[in-house]
There are 2 protein chains.
Amino acid sequence: MKKEIAPRDKVFQTASRLFYQNGYRAVGVDTIAAKSGIGKMTLYRHYPAKDDLIVAYLKNSDQLFWNNFELITRDAATACEKLLAFFQSLQEYVKSPTCYGCPFLNVATEYPETDYPGHQVALEHKQSVRIRFRQLAKEAGAKKPDVLADQLFLLMDGAYMASRMFGIKNPAAHLAEAAQTLIDASLE
Amino acid sequence: MKKEIAPRDKVFQTASRLFYQNGYRAVGVDTIAAKSGIGKMTLYRHYPAKDDLIVAYLKNSDQLFWNNFELITRDAATACEKLLAFFQSLQEYVKSPTCYGCPFLNVATEYPETDYPGHQVALEHKQSVRIRFRQLAKEAGAKKPDVLADQLFLLMDGAYMASRMFGIKNPAAHLAEAAQTLIDASLE
DNA sequence: GTGCTACGATACAGACCTGTATCGTTCTCT
DNA sequence: AGAGAACGATACAGGTCTGTATCGTAGCAC
């Protein structure tokens, strides 16, 4: 009864890790297959093209993001506390060694063409976050919820990039405090 | 008396534009040479490796950044106004069609290894900006200048990434207002 | 004129990349 | 037991990338 991981999942996990850590263009399918310990043809049987693997990784990242978002904000009573809980969680995350920035910002940087499939998924994800922020800002009673949402959005992505640029010792140590300040200013 | 551009400069200008718009890995030396209208060997005579061209572009970008920073903040009387002037200028820039994000964030994303020459230059640049922000935050009379500086830093990079991700219609329209809020909160 | 240097154009070497083809094996289902 | 699907390994095709080598030419100093 050894725990066996299906080849498809193994490929996906390895590709996810390599894409996230090393970048999309820098990682080749040969490397993914080799590090997965599976054959190249098996990889291509499940993912007909590298782009499919990239898109699959991004869509899964989107899923994980929202699962985590729901988990993090579940116990917060108010919309204001939900936003804060998210930024506190993010602040913790970006100073952990498992953080290599944001998969969506990374893919948008490596593939700037907006019609690239990966960029599309990234755009949709970020747009969803924006909208969620707006909902919460509205619920929280912000005077200009759209403005607050976008300002928080900038903070979030700035924190992600700080992590990728600087590693663990990055300037995002006071992220949550900044979010708090912006929220407070938007309420009064 | 036709204005002649030296081949070296032509290569540099073309490479700069292509790197910034399309990314570092996506642009090959053949493309740079072809679009410059010069021979490949001429390119390699002036820049022995592609990485040299990348580093040259980044160092020049650093120079341009500080020249612009000085220009923008020159007429501001106080440190607080200098910071605000910078963020107002940045807000204008990131919504212009000539903005493709931040060359330094881009290179750090495409080459995550911190020992890569381009990543090194990017780190030094960002560190310099951080330090400059701290100086200004201190001069402005912030209670915790280091905290304010890093918070503003996150806003800046978030705005750059918003531009690269969304293009002209990005969430950085209220960047300066956010900077103002953070500064105000840090003074009182 | 005569070297000399910078240059453009082109071909090339070697590596790497994506994606395909082939073959033998192992596992599962019946 | 036997058929068929999934798999691992490997070789390969065609393209692209970085960097080098070669050749002919145009401008410039002396």
# chains A, B, ... in the order shown; residues from 1 in each chain; ligands from 1

$ closest_atom_pairs --of "chain D" --to "chain A" --cutoff "8 Å" --atoms "only C-alpha atoms (C1' of nucleotides)" --output "tab-separated table"
residue	atom	partner	partner_atom	distance
D:DC7	C1'	A:Thr42	CA	6.8
D:DG8	C1'	A:Gly39	CA	5.1
D:DA9	C1'	A:Gly39	CA	6.9

$ write_last_selection --atoms "C-alpha atoms (C1' of nucleotides)" --output "compact mmCIF listing (two decimals), in the first residue's frame"
# COMPACT_ATOMS: atom_id res chain seq x y z
C1' DC D 7 4.30 3.74 -19.50
C1' DG D 8 9.72 4.54 -19.74
C1' DA D 9 13.51 5.12 -22.68

$ residues_around --residues "DT20 in chain C" --least-positions-apart "4" --cutoff "10 Å" --atoms "only C-alpha atoms (C1' of nucleotides)" --output "tab-separated table (two decimals) with C-alpha atoms (C1' of nucleotides), in the first residue's frame"
chain	number	residue	atom	x	y	z
A	41	MET	CA	5.85	10.77	-24.34
A	44	TYR	CA	2.88	14.83	-24.06
D	12	DC	C1'	14.97	11.82	-34.14
D	13	DA	C1'	13.19	16.00	-36.96

$ residues_around --residues "range 19-21 of chain D" --least-positions-apart "2" --cutoff "10 Å" --atoms "only C-alpha atoms (C1' of nucleotides)" --output "count of residues only"
13

$ closest_atom_pairs --of "chain C" --to "chain A" --cutoff "8 Å" --atoms "only C-alpha atoms (C1' of nucleotides)" --output "tab-separated table"
residue	atom	partner	partner_atom	distance
C:DC17	C1'	A:Gly28	CA	7.1
C:DT18	C1'	A:Val29	CA	7.8
C:DG19	C1'	A:Ala49	CA	7.9

$ write_last_selection --atoms "N, CA and C atoms (P, O5', C5', C4', C3', O3' and C1' of nucleotides)" --output "PDB file, in the first residue's frame"
ATOM      1  P    DC C  17      16.888  23.616 -22.966  1.00  0.00           P
ATOM      2  O5'  DC C  17      15.580  23.848 -23.826  1.00  0.00           O
ATOM      3  C5'  DC C  17      15.385  25.085 -24.503  1.00  0.00           C
ATOM      4  C4'  DC C  17      14.376  24.902 -25.616  1.00  0.00           C
ATOM      5  C3'  DC C  17      13.291  23.892 -25.289  1.00  0.00           C
ATOM      6  O3'  DC C  17      12.103  24.535 -24.876  1.00  0.00           O
ATOM      7  C1'  DC C  17      14.130  23.615 -27.524  1.00  0.00           C
ATOM      8  P    DT C  18      10.894  23.614 -24.343  1.00  0.00           P
ATOM      9  O5'  DT C  18      10.095  23.214 -25.661  1.00  0.00           O
ATOM     10  C5'  DT C  18       9.508  24.238 -26.447  1.00  0.00           C
ATOM     11  C4'  DT C  18       8.922  23.639 -27.708  1.00  0.00           C
ATOM     12  C3'  DT C  18       7.773  22.655 -27.482  1.00  0.00           C
ATOM     13  O3'  DT C  18       6.715  22.944 -28.380  1.00  0.00           O
ATOM     14  C1'  DT C  18       9.458  21.627 -28.789  1.00  0.00           C
ATOM     15  P    DG C  19       5.237  22.349 -28.046  1.00  0.00           P
ATOM     16  O5'  DG C  19       5.245  20.985 -28.867  1.00  0.00           O
ATOM     17  C5'  DG C  19       5.366  21.065 -30.287  1.00  0.00           C
ATOM     18  C4'  DG C  19       5.759  19.729 -30.850  1.00  0.00           C
ATOM     19  C3'  DG C  19       4.859  18.534 -30.488  1.00  0.00           C
ATOM     20  O3'  DG C  19       4.257  18.037 -31.667  1.00  0.00           O
ATOM     21  C1'  DG C  19       7.148  17.956 -30.436  1.00  0.00           C
TER      22       DG C  19
END

$ interface_residues --of "chain A" --to "chain B" --cutoff "9 Å" --atoms "only C-alpha atoms" --output "PDB file with N, CA and C atoms, in the first residue's frame"
ATOM      1  N   GLN A  21       9.533  28.421  -9.561  1.00  0.00           N
ATOM      2  CA  GLN A  21      10.850  28.794  -9.037  1.00  0.00           C
ATOM      3  C   GLN A  21      11.771  29.368 -10.113  1.00  0.00           C
ATOM      4  N   ASN A  22      11.770  28.737 -11.282  1.00  0.00           N
ATOM      5  CA  ASN A  22      12.771  29.090 -12.288  1.00  0.00           C
ATOM      6  C   ASN A  22      12.229  29.900 -13.451  1.00  0.00           C
ATOM      7  N   GLY A  23      10.912  29.961 -13.588  1.00  0.00           N
ATOM      8  CA  GLY A  23      10.340  30.699 -14.702  1.00  0.00           C
ATOM      9  C   GLY A  23       9.824  29.766 -15.777  1.00  0.00           C
ATOM     10  N   TYR A  24       8.971  30.306 -16.622  1.00  0.00           N
ATOM     11  CA  TYR A  24       8.302  29.485 -17.625  1.00  0.00           C
ATOM     12  C   TYR A  24       9.213  29.194 -18.812  1.00  0.00           C
ATOM     13  N   ARG A  25       9.863  30.222 -19.303  1.00  0.00           N
ATOM     14  CA  ARG A  25      10.719  30.036 -20.477  1.00  0.00           C
ATOM     15  C   ARG A  25      11.980  29.269 -20.124  1.00  0.00           C
ATOM     16  N   ALA A  26      12.439  29.407 -18.898  1.00  0.00           N
ATOM     17  CA  ALA A  26      13.718  28.802 -18.516  1.00  0.00           C
ATOM     18  C   ALA A  26      13.606  27.298 -18.334  1.00  0.00           C
ATOM     19  N   TYR A 100       7.991  32.500  -4.291  1.00  0.00           N
ATOM     20  CA  TYR A 100       8.792  32.974  -5.416  1.00  0.00           C
ATOM     21  C   TYR A 100       7.995  33.996  -6.211  1.00  0.00           C
ATOM     22  N   GLY A 101       7.252  34.815  -5.528  1.00  0.00           N
ATOM     23  CA  GLY A 101       6.461  35.829  -6.199  1.00  0.00           C
ATOM     24  C   GLY A 101       5.086  35.326  -6.568  1.00  0.00           C
ATOM     25  N   PHE A 104       1.126  34.616 -11.655  1.00  0.00           N
ATOM     26  CA  PHE A 104       0.418  35.372 -12.682  1.00  0.00           C
ATOM     27  C   PHE A 104       1.222  36.593 -13.134  1.00  0.00           C
ATOM     28  N   LEU A 105       1.813  37.283 -12.181  1.00  0.00           N
ATOM     29  CA  LEU A 105       2.693  38.389 -12.556  1.00  0.00           C
ATOM     30  C   LEU A 105       3.894  37.858 -13.333  1.00  0.00           C
ATOM     31  N   ASN A 106       4.403  36.724 -12.905  1.00  0.00           N
ATOM     32  CA  ASN A 106       5.559  36.151 -13.587  1.00  0.00           C
ATOM     33  C   ASN A 106       5.249  35.810 -15.037  1.00  0.00           C
ATOM     34  N   ALA A 108       2.886  37.016 -16.900  1.00  0.00           N
ATOM     35  CA  ALA A 108       2.614  38.229 -17.665  1.00  0.00           C
ATOM     36  C   ALA A 108       3.913  38.942 -18.039  1.00  0.00           C
ATOM     37  N   THR A 109       4.907  38.810 -17.204  1.00  0.00           N
ATOM     38  CA  THR A 109       6.204  39.426 -17.507  1.00  0.00           C
ATOM     39  C   THR A 109       6.931  38.659 -18.603  1.00  0.00           C
ATOM     40  N   GLU A 110       6.871  37.347 -18.526  1.00  0.00           N
ATOM     41  CA  GLU A 110       7.603  36.533 -19.497  1.00  0.00           C
ATOM     42  C   GLU A 110       6.906  36.467 -20.854  1.00  0.00           C
ATOM     43  N   TYR A 111       5.599  36.609 -20.832  1.00  0.00           N
ATOM     44  CA  TYR A 111       4.825  36.607 -22.086  1.00  0.00           C
ATOM     45  C   TYR A 111       3.960  37.857 -22.132  1.00  0.00           C
ATOM     46  N   PRO A 112       4.546  38.977 -22.523  1.00  0.00           N
ATOM     47  CA  PRO A 112       3.828  40.256 -22.463  1.00  0.00           C
ATOM     48  C   PRO A 112       2.647  40.344 -23.430  1.00  0.00           C
ATOM     49  N   GLU A 113       2.661  39.550 -24.487  1.00  0.00           N
ATOM     50  CA  GLU A 113       1.566  39.626 -25.457  1.00  0.00           C
ATOM     51  C   GLU A 113       0.265  39.230 -24.757  1.00  0.00           C
ATOM     52  N   THR A 114      -0.713  40.116 -24.804  1.00  0.00           N
ATOM     53  CA  THR A 114      -1.931  39.874 -24.038  1.00  0.00           C
ATOM     54  C   THR A 114      -2.757  38.732 -24.600  1.00  0.00           C
ATOM     55  N   HIS A 119      -1.120  34.550 -20.376  1.00  0.00           N
ATOM     56  CA  HIS A 119      -1.378  35.932 -19.993  1.00  0.00           C
ATOM     57  C   HIS A 119      -2.873  36.164 -19.791  1.00  0.00           C
ATOM     58  N   ALA A 122      -3.893  34.833 -16.476  1.00  0.00           N
ATOM     59  CA  ALA A 122      -3.371  35.735 -15.446  1.00  0.00           C
ATOM     60  C   ALA A 122      -4.242  36.987 -15.330  1.00  0.00           C
ATOM     61  N   LEU A 123      -4.613  37.533 -16.465  1.00  0.00           N
ATOM     62  CA  LEU A 123      -5.453  38.727 -16.461  1.00  0.00           C
ATOM     63  C   LEU A 123      -6.797  38.453 -15.787  1.00  0.00           C
ATOM     64  N   LYS A 126      -6.299  38.206 -11.996  1.00  0.00           N
ATOM     65  CA  LYS A 126      -6.073  39.499 -11.345  1.00  0.00           C
ATOM     66  C   LYS A 126      -7.349  40.338 -11.351  1.00  0.00           C
ATOM     67  N   ARG A 130      -9.320  41.932  -8.173  1.00  0.00           N
ATOM     68  CA  ARG A 130      -9.752  43.332  -8.128  1.00  0.00           C
ATOM     69  C   ARG A 130     -11.223  43.441  -7.743  1.00  0.00           C
ATOM     70  N   VAL A 147     -11.466  52.875  -5.540  1.00  0.00           N
ATOM     71  CA  VAL A 147     -10.134  53.457  -5.333  1.00  0.00           C
ATOM     72  C   VAL A 147      -9.362  52.652  -4.287  1.00  0.00           C
ATOM     73  N   LEU A 148     -10.014  52.382  -3.181  1.00  0.00           N
ATOM     74  CA  LEU A 148      -9.352  51.599  -2.126  1.00  0.00           C
ATOM     75  C   LEU A 148      -8.928  50.234  -2.644  1.00  0.00           C
ATOM     76  N   ALA A 149      -9.821  49.599  -3.382  1.00  0.00           N
ATOM     77  CA  ALA A 149      -9.524  48.256  -3.907  1.00  0.00           C
ATOM     78  C   ALA A 149      -8.267  48.277  -4.769  1.00  0.00           C
ATOM     79  N   ASP A 150      -8.180  49.247  -5.651  1.00  0.00           N
ATOM     80  CA  ASP A 150      -7.006  49.300  -6.531  1.00  0.00           C
ATOM     81  C   ASP A 150      -5.739  49.641  -5.766  1.00  0.00           C
ATOM     82  N   GLN A 151      -5.865  50.454  -4.755  1.00  0.00           N
ATOM     83  CA  GLN A 151      -4.684  50.781  -3.952  1.00  0.00           C
ATOM     84  C   GLN A 151      -4.183  49.548  -3.209  1.00  0.00           C
ATOM     85  N   LEU A 152      -5.102  48.784  -2.672  1.00  0.00           N
ATOM     86  CA  LEU A 152      -4.712  47.538  -2.006  1.00  0.00           C
ATOM     87  C   LEU A 152      -4.121  46.556  -3.012  1.00  0.00           C
ATOM     88  N   PHE A 153      -4.695  46.581  -4.197  1.00  0.00           N
ATOM     89  CA  PHE A 153      -4.199  45.728  -5.286  1.00  0.00           C
ATOM     90  C   PHE A 153      -2.728  46.017  -5.585  1.00  0.00           C
ATOM     91  N   LEU A 154      -2.382  47.286  -5.639  1.00  0.00           N
ATOM     92  CA  LEU A 154      -0.988  47.663  -5.887  1.00  0.00           C
ATOM     93  C   LEU A 154      -0.080  47.151  -4.776  1.00  0.00           C
ATOM     94  N   LEU A 155      -0.550  47.288  -3.553  1.00  0.00           N
ATOM     95  CA  LEU A 155       0.241  46.795  -2.417  1.00  0.00           C
ATOM     96  C   LEU A 155       0.502  45.300  -2.548  1.00  0.00           C
ATOM     97  N   MET A 156      -0.547  44.566  -2.882  1.00  0.00           N
ATOM     98  CA  MET A 156      -0.426  43.116  -3.013  1.00  0.00           C
ATOM     99  C   MET A 156       0.639  42.742  -4.032  1.00  0.00           C
ATOM    100  N   ASP A 157       0.528  43.281  -5.227  1.00  0.00           N
ATOM    101  CA  ASP A 157       1.471  42.909  -6.272  1.00  0.00           C
ATOM    102  C   ASP A 157       2.873  43.437  -5.977  1.00  0.00           C
ATOM    103  N   GLY A 158       2.937  44.574  -5.328  1.00  0.00           N
ATOM    104  CA  GLY A 158       4.248  45.075  -4.909  1.00  0.00           C
ATOM    105  C   GLY A 158       4.910  44.109  -3.945  1.00  0.00           C
ATOM    106  N   ALA A 159       4.131  43.526  -3.060  1.00  0.00           N
ATOM    107  CA  ALA A 159       4.670  42.557  -2.106  1.00  0.00           C
ATOM    108  C   ALA A 159       5.145  41.294  -2.809  1.00  0.00           C
ATOM    109  N   TYR A 160       4.354  40.822  -3.742  1.00  0.00           N
ATOM    110  CA  TYR A 160       4.765  39.635  -4.511  1.00  0.00           C
ATOM    111  C   TYR A 160       6.097  39.884  -5.209  1.00  0.00           C
ATOM    112  N   MET A 161       6.203  41.029  -5.855  1.00  0.00           N
ATOM    113  CA  MET A 161       7.438  41.310  -6.598  1.00  0.00           C
ATOM    114  C   MET A 161       8.616  41.530  -5.660  1.00  0.00           C
ATOM    115  N   ALA A 162       8.349  42.096  -4.503  1.00  0.00           N
ATOM    116  CA  ALA A 162       9.424  42.271  -3.521  1.00  0.00           C
ATOM    117  C   ALA A 162      10.003  40.927  -3.138  1.00  0.00           C
ATOM    118  N   ARG A 164      10.017  38.161  -4.993  1.00  0.00           N
ATOM    119  CA  ARG A 164      10.787  37.573  -6.095  1.00  0.00           C
ATOM    120  C   ARG A 164      12.104  38.303  -6.285  1.00  0.00           C
ATOM    121  N   MET A 165      12.083  39.588  -6.069  1.00  0.00           N
ATOM    122  CA  MET A 165      13.304  40.365  -6.281  1.00  0.00           C
ATOM    123  C   MET A 165      14.323  40.170  -5.164  1.00  0.00           C
ATOM    124  N   PHE A 166      13.843  40.244  -3.915  1.00  0.00           N
ATOM    125  CA  PHE A 166      14.768  40.259  -2.787  1.00  0.00           C
ATOM    126  C   PHE A 166      14.890  38.923  -2.065  1.00  0.00           C
ATOM    127  N   GLY A 167      13.941  38.029  -2.274  1.00  0.00           N
ATOM    128  CA  GLY A 167      13.939  36.792  -1.501  1.00  0.00           C
ATOM    129  C   GLY A 167      13.296  37.004  -0.141  1.00  0.00           C
ATOM    130  N   ASN A 170      12.789  40.948   2.283  1.00  0.00           N
ATOM    131  CA  ASN A 170      12.205  41.893   1.332  1.00  0.00           C
ATOM    132  C   ASN A 170      11.452  43.011   2.042  1.00  0.00           C
ATOM    133  N   PRO A 171      11.110  44.040   1.301  1.00  0.00           N
ATOM    134  CA  PRO A 171      10.493  45.223   1.920  1.00  0.00           C
ATOM    135  C   PRO A 171       9.014  45.063   2.275  1.00  0.00           C
ATOM    136  N   ALA A 172       8.510  43.846   2.266  1.00  0.00           N
ATOM    137  CA  ALA A 172       7.073  43.656   2.503  1.00  0.00           C
ATOM    138  C   ALA A 172       6.756  43.337   3.962  1.00  0.00           C
ATOM    139  N   ALA A 173       7.668  43.627   4.840  1.00  0.00           N
ATOM    140  CA  ALA A 173       7.476  43.292   6.253  1.00  0.00           C
ATOM    141  C   ALA A 173       6.338  44.089   6.886  1.00  0.00           C
ATOM    142  N   HIS A 174       6.031  45.238   6.298  1.00  0.00           N
ATOM    143  CA  HIS A 174       4.980  46.084   6.866  1.00  0.00           C
ATOM    144  C   HIS A 174       3.812  46.242   5.904  1.00  0.00           C
ATOM    145  N   LEU A 175       3.597  45.182   5.172  1.00  0.00           N
ATOM    146  CA  LEU A 175       2.516  45.178   4.183  1.00  0.00           C
ATOM    147  C   LEU A 175       1.147  45.363   4.836  1.00  0.00           C
ATOM    148  N   GLU A 177       0.329  46.512   7.658  1.00  0.00           N
ATOM    149  CA  GLU A 177       0.188  47.832   8.281  1.00  0.00           C
ATOM    150  C   GLU A 177      -0.196  48.874   7.227  1.00  0.00           C
ATOM    151  N   ALA A 178       0.422  48.766   6.065  1.00  0.00           N
ATOM    152  CA  ALA A 178       0.086  49.690   4.979  1.00  0.00           C
ATOM    153  C   ALA A 178      -1.361  49.504   4.541  1.00  0.00           C
ATOM    154  N   THR A 181      -3.610  51.107   7.021  1.00  0.00           N
ATOM    155  CA  THR A 181      -3.604  52.562   6.890  1.00  0.00           C
ATOM    156  C   THR A 181      -4.507  53.020   5.747  1.00  0.00           C
ATOM    157  N   LEU A 182      -4.382  52.354   4.613  1.00  0.00           N
ATOM    158  CA  LEU A 182      -5.197  52.741   3.454  1.00  0.00           C
ATOM    159  C   LEU A 182      -6.681  52.514   3.739  1.00  0.00           C
ATOM    160  N   ALA A 185      -7.992  55.165   6.207  1.00  0.00           N
ATOM    161  CA  ALA A 185      -8.126  56.469   5.569  1.00  0.00           C
ATOM    162  C   ALA A 185      -9.348  56.510   4.654  1.00  0.00           C
TER     163      ALA A 185
END
